[in-house]
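A.B. asks: I'd like to ask you about the structure that follows.
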Amino acid sequence: MSILQILEFPHPNLRKVATPVKVFDEELSGLIDDMLETMYDANGIGLAATQVDIHKRLIVLDVSEDRDNPKILVNPSFQIIKEDLAEYDEGCLSVPGFYETVCRPETILLKAQDKIGEVFELKAEGILSTCIQHEIDHLDGKLFVDYLSALKRNRIRNKLEKEQRKHS
């Protein structure tokens with residue numbers, strides 16, 4: 001297993017739309033392991049393949065308190081079950097150091113495949129619902145900063161670009 005490099009906003013590859021996973025093999029399994037290791041190492045609760053510059057519809061996440069209940073979502077999609085919105089202060093491994101309040105549907109029905117291609121459904125609420133929606137956004141080339149005002153988004157972009165210039 002290895003730690004993968006996480007792209008940071010405003011890297012243009014974060015805007016690429018991921019393609020469906022068609023092959024469920026050892027290569028996919030290895031990528032899942034690497035993504036889990038990367039997510040845990042970065043202290044995140046979710047990671048989309050897009051964030052590590054792999055443009056496949058693959059997400060790993062773990063919202064458990066003990067960080068011992070990882071979920072693998074291949075080719076995920078969801079339906080909104082409850083229109084009620086929930087507010088969460090969202091952060092993102094691709095937008096390090098920034099947290100902003102985002103409103104998302106509170107309850108969703110997830111449909112995805114597991115690491116061997118078996119289809120499953122899961123009703124998700126609370127932080128799990130928010131995390132799934134946040135990560136699916138990544139697969140669609142969208143970031144949580146897109147939910148913010150242009151002023152806030154540009155302020156975050158400028159601070160991150162300045163930070164990136166310092167370290168390059």
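Residues are named by chain letter and number: chains run A, B, ... in the order of the structure tokens, numbers start at 1 in each chain, and ligands are numbered from 1 in the order shown.
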Please extract the residues of range 10-131 of chain A with a backbone DSSP assignment of strand (DSSP E or B) and present them as a PyMOL selection string.
C.D. replies: chain A and resi 19+46-48+56+58-61+71-92+95-113+119-125
A.B. asks: May I have the residues within 10 Å of Glu125 in chain A as a list of chain:residue names, using only C-alpha atoms and disregarding those fewer than 4 positions away in the same chain?
C.D. replies: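 Neighbouring residues, sequence-local ones excluded: A:Ile81, A:Lys82, A:Ala86, A:Pro105, A:Glu106, A:Thr107, A:Ile108, A:Leu109, A:Ser129, A:Thr130, A:Cys131, A:Ile132.
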A.B. asks: Pick from A:Glu118, A:Glu65, A:Thr50, A:Gly126: nearest to Leu85 in chain A, with only C-alpha atoms counted?
C.D. replies: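 When distances to Leu85 in chain A are compared using only C-alpha atoms, the smallest one comes from A:Gly126.
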A.B. asks: Considering only C-alpha atoms, can you say which of A:Ile45, A:Val52, A:Leu14, A:Val60 comes closest to Phe144 in chain A?
C.D. replies: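 Using only C-alpha atoms, Phe144 in chain A sits closest to A:Leu14.
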A.B. asks: Could you pull out all residues of range 3-163 of chain A with a DSSP call of helix (DSSP H, G or I) and give them as a PyMOL selection string?
C.D. replies: chain A and resi 12-15+26-41+49-52+126-139+144-147+150-163
A.B. asks: Identify which of the residues A:Gly91, A:Pro70, A:Gly141, A:Gly117 lies closest to Leu28 in chain A, counting only C-alpha atoms when measuring atom-to-atom distances.
C.D. replies: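 Ranked by minimum distance to Leu28 in chain A, first place goes to A:Gly117.
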A.B. asks: Residues within 8 Å of Ala48 in chain A, please, as a list of chain:residue names. Count only C-alpha atoms; anything in the same chain fewer than 2 positions from it doesn't count.
C.D. replies: A:Gly46, A:Thr50, A:Gln51, A:Val52, A:Arg57, A:Leu58, A:Ile59, A:Val60, A:Glu135, A:Ile136, A:His138, A:Leu139
A.B. asks: Got time to write the residues from that selection, N, CA and C atoms, as an mmCIF file, in the first residue's frame?
C.D. replies:
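Writing done, so here's part06.cif:
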data_model
loop_
_atom_site.group_PDB
_atom_site.id
_atom_site.type_symbol
_atom_site.label_atom_id
_atom_site.label_comp_id
_atom_site.auth_asym_id
_atom_site.auth_seq_id
_atom_site.Cartn_x
_atom_site.Cartn_y
_atom_site.Cartn_z
ATOM 1 N N GLY A 46 -13.477 11.016 3.879
ATOM 2 C CA GLY A 46 -13.859 10.581 2.554
ATOM 3 C C GLY A 46 -12.805 10.986 1.546
ATOM 4 N N THR A 50 -10.944 11.038 -7.978
ATOM 5 C CA THR A 50 -10.603 12.280 -8.672
ATOM 6 C C THR A 50 -9.564 13.079 -7.881
ATOM 7 N N GLN A 51 -9.662 13.042 -6.564
ATOM 8 C CA GLN A 51 -8.755 13.822 -5.722
ATOM 9 C C GLN A 51 -7.318 13.316 -5.780
ATOM 10 N N VAL A 52 -7.131 12.067 -6.200
ATOM 11 C CA VAL A 52 -5.780 11.528 -6.351
ATOM 12 C C VAL A 52 -5.440 11.365 -7.836
ATOM 13 N N ARG A 57 -15.074 6.400 -11.169
ATOM 14 C CA ARG A 57 -16.146 6.648 -10.206
ATOM 15 C C ARG A 57 -15.963 5.721 -8.994
ATOM 16 N N LEU A 58 -15.074 6.148 -8.096
ATOM 17 C CA LEU A 58 -14.696 5.377 -6.926
ATOM 18 C C LEU A 58 -14.518 6.306 -5.738
ATOM 19 N N ILE A 59 -15.119 5.908 -4.616
ATOM 20 C CA ILE A 59 -15.036 6.676 -3.371
ATOM 21 C C ILE A 59 -14.722 5.714 -2.231
ATOM 22 N N VAL A 60 -13.885 6.171 -1.303
ATOM 23 C CA VAL A 60 -13.724 5.478 -0.025
ATOM 24 C C VAL A 60 -14.126 6.471 1.055
ATOM 25 N N GLU A 135 -18.482 13.652 -1.782
ATOM 26 C CA GLU A 135 -17.549 12.851 -2.579
ATOM 27 C C GLU A 135 -18.087 12.595 -3.996
ATOM 28 N N ILE A 136 -19.382 12.386 -4.142
ATOM 29 C CA ILE A 136 -19.955 12.226 -5.490
ATOM 30 C C ILE A 136 -19.780 13.518 -6.281
ATOM 31 N N HIS A 138 -17.225 15.376 -6.185
ATOM 32 C CA HIS A 138 -15.863 15.291 -6.738
ATOM 33 C C HIS A 138 -15.850 14.494 -8.036
ATOM 34 N N LEU A 139 -16.591 13.390 -8.061
ATOM 35 C CA LEU A 139 -16.618 12.551 -9.263
ATOM 36 C C LEU A 139 -17.242 13.289 -10.443
#
